[in-house]
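Undergrad: Right, I'll just put the structure down here and ask away after.
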Amino acid sequence: MDAYTTHGAFSWNELMTTDPDAALAFYSALFNWKVETMPMPDGPYHVVKADGTAVGGVMKLPEHAGGMPPCWGSYVTVNDVDATCAQAASLGGKVVFGPMDVPSVGRLAVIVDPQGAAINVMTYAAPGG
């Protein structure tokens, strides 16, 4: 199974935190992660790798997060972000962010279920796309 193309597969984990450097020092020591930092318009994005495989990322909490505490978020691959958002709404959930395109990565949104738990949904861009 390819987690980046299989609808319903968990595919990525991301930490948004107030202090990415401290978080990276902690998790790198704990899990022996290697880090590859990429410049982004809103600040660096740190891809964490386990045994050479990218498994997640770490970024600074955005200003618009409104005092949200540091947290890990999971991404689930979907065939169509917009259709998934519409289906989530029809099932009693709601879209709280997006959908939006991330150049060369894909299209994403954050939805919450009827109980209020948030999850990220993503349709990944084709390699090289």
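Identifiers in the structure tokens: chain A, B, ... in order shown; residue index from 1 per chain; ligand index from 1 in order shown.
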Step one, run DSSP on the backbone; step two, keep only residues of chain A assigned to strand (DSSP E); then write them as an NGL selection string.
TA: :A and (10-17 or 34-38 or 45-50 or 53-60 or 71-77 or 94-102 or 106-112 or 118-124)
Undergrad: Residues as selected, C-alpha atoms, written as an mmCIF file, in the first residue's frame, can you do that?
TA:
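New file out-v2.cif:
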data_model
loop_
_atom_site.group_PDB
_atom_site.id
_atom_site.type_symbol
_atom_site.label_atom_id
_atom_site.label_comp_id
_atom_site.auth_asym_id
_atom_site.auth_seq_id
_atom_site.Cartn_x
_atom_site.Cartn_y
_atom_site.Cartn_z
ATOM 1 C CA PHE A 10 -2.806 7.796 7.375
ATOM 2 C CA SER A 11 0.071 9.401 5.470
ATOM 3 C CA TRP A 12 1.803 12.155 7.455
ATOM 4 C CA ASN A 13 2.177 13.527 10.982
ATOM 5 C CA GLU A 14 2.950 17.136 11.742
ATOM 6 C CA LEU A 15 3.864 19.007 14.896
ATOM 7 C CA MET A 16 2.932 22.665 15.179
ATOM 8 C CA THR A 17 4.773 24.157 18.137
ATOM 9 C CA LYS A 34 17.241 13.044 11.141
ATOM 10 C CA VAL A 35 15.966 16.457 10.071
ATOM 11 C CA GLU A 36 15.907 18.142 6.683
ATOM 12 C CA THR A 37 14.952 21.820 6.837
ATOM 13 C CA MET A 38 13.217 23.493 3.926
ATOM 14 C CA TYR A 45 9.564 23.519 7.652
ATOM 15 C CA HIS A 46 11.471 20.641 9.192
ATOM 16 C CA VAL A 47 10.938 17.225 7.616
ATOM 17 C CA VAL A 48 11.724 14.440 10.092
ATOM 18 C CA LYS A 49 13.078 11.135 8.835
ATOM 19 C CA ALA A 50 13.197 7.709 10.438
ATOM 20 C CA THR A 53 12.206 7.830 5.230
ATOM 21 C CA ALA A 54 10.285 11.088 5.653
ATOM 22 C CA VAL A 55 7.566 10.432 8.247
ATOM 23 C CA GLY A 56 6.447 13.881 9.335
ATOM 24 C CA GLY A 57 7.215 17.509 9.823
ATOM 25 C CA VAL A 58 7.679 20.190 12.445
ATOM 26 C CA MET A 59 6.759 23.832 12.045
ATOM 27 C CA LYS A 60 6.212 26.935 14.147
ATOM 28 C CA CYS A 71 -0.071 19.712 18.987
ATOM 29 C CA TRP A 72 0.523 16.823 16.635
ATOM 30 C CA GLY A 73 -1.828 16.466 13.667
ATOM 31 C CA SER A 74 -2.375 13.479 11.414
ATOM 32 C CA TYR A 75 -3.049 13.545 7.688
ATOM 33 C CA VAL A 76 -5.295 11.066 5.900
ATOM 34 C CA THR A 77 -5.001 10.635 2.133
ATOM 35 C CA LYS A 94 -17.432 20.735 9.365
ATOM 36 C CA VAL A 95 -14.504 22.197 7.510
ATOM 37 C CA VAL A 96 -12.432 24.518 9.705
ATOM 38 C CA PHE A 97 -9.552 25.289 7.319
ATOM 39 C CA GLY A 98 -9.257 25.145 3.554
ATOM 40 C CA PRO A 99 -9.474 23.513 1.207
ATOM 41 C CA MET A 100 -6.269 25.052 -0.057
ATOM 42 C CA ASP A 101 -3.521 24.128 -2.480
ATOM 43 C CA VAL A 102 0.074 23.759 -1.313
ATOM 44 C CA GLY A 106 -1.154 18.812 -2.890
ATOM 45 C CA ARG A 107 -4.551 20.028 -1.714
ATOM 46 C CA LEU A 108 -5.502 19.940 1.953
ATOM 47 C CA ALA A 109 -8.213 20.828 4.437
ATOM 48 C CA VAL A 110 -8.839 20.418 8.146
ATOM 49 C CA ILE A 111 -12.163 18.920 9.160
ATOM 50 C CA VAL A 112 -13.698 18.218 12.544
ATOM 51 C CA ALA A 118 -9.857 17.566 14.059
ATOM 52 C CA ILE A 119 -8.037 15.730 11.287
ATOM 53 C CA ASN A 120 -6.220 16.858 8.162
ATOM 54 C CA VAL A 121 -7.192 15.476 4.748
ATOM 55 C CA MET A 122 -4.840 15.632 1.773
ATOM 56 C CA THR A 123 -4.789 14.765 -1.895
ATOM 57 C CA TYR A 124 -1.116 14.654 -2.795
#
Undergrad: Leaving out A:Pro114 and any residue of its chain fewer than 2 positions from it, which residues lie within 7 Å of it when counting only C-alpha atoms, given as JSON, numbers by chain?
TA: {"A": [92, 93, 112, 116]}
Undergrad: Going by DSSP on the backbone, which residues of chain A come out as alpha helix (DSSP H)? List them as an NGL selection string.
TA: :A and (20-31 or 81-90)
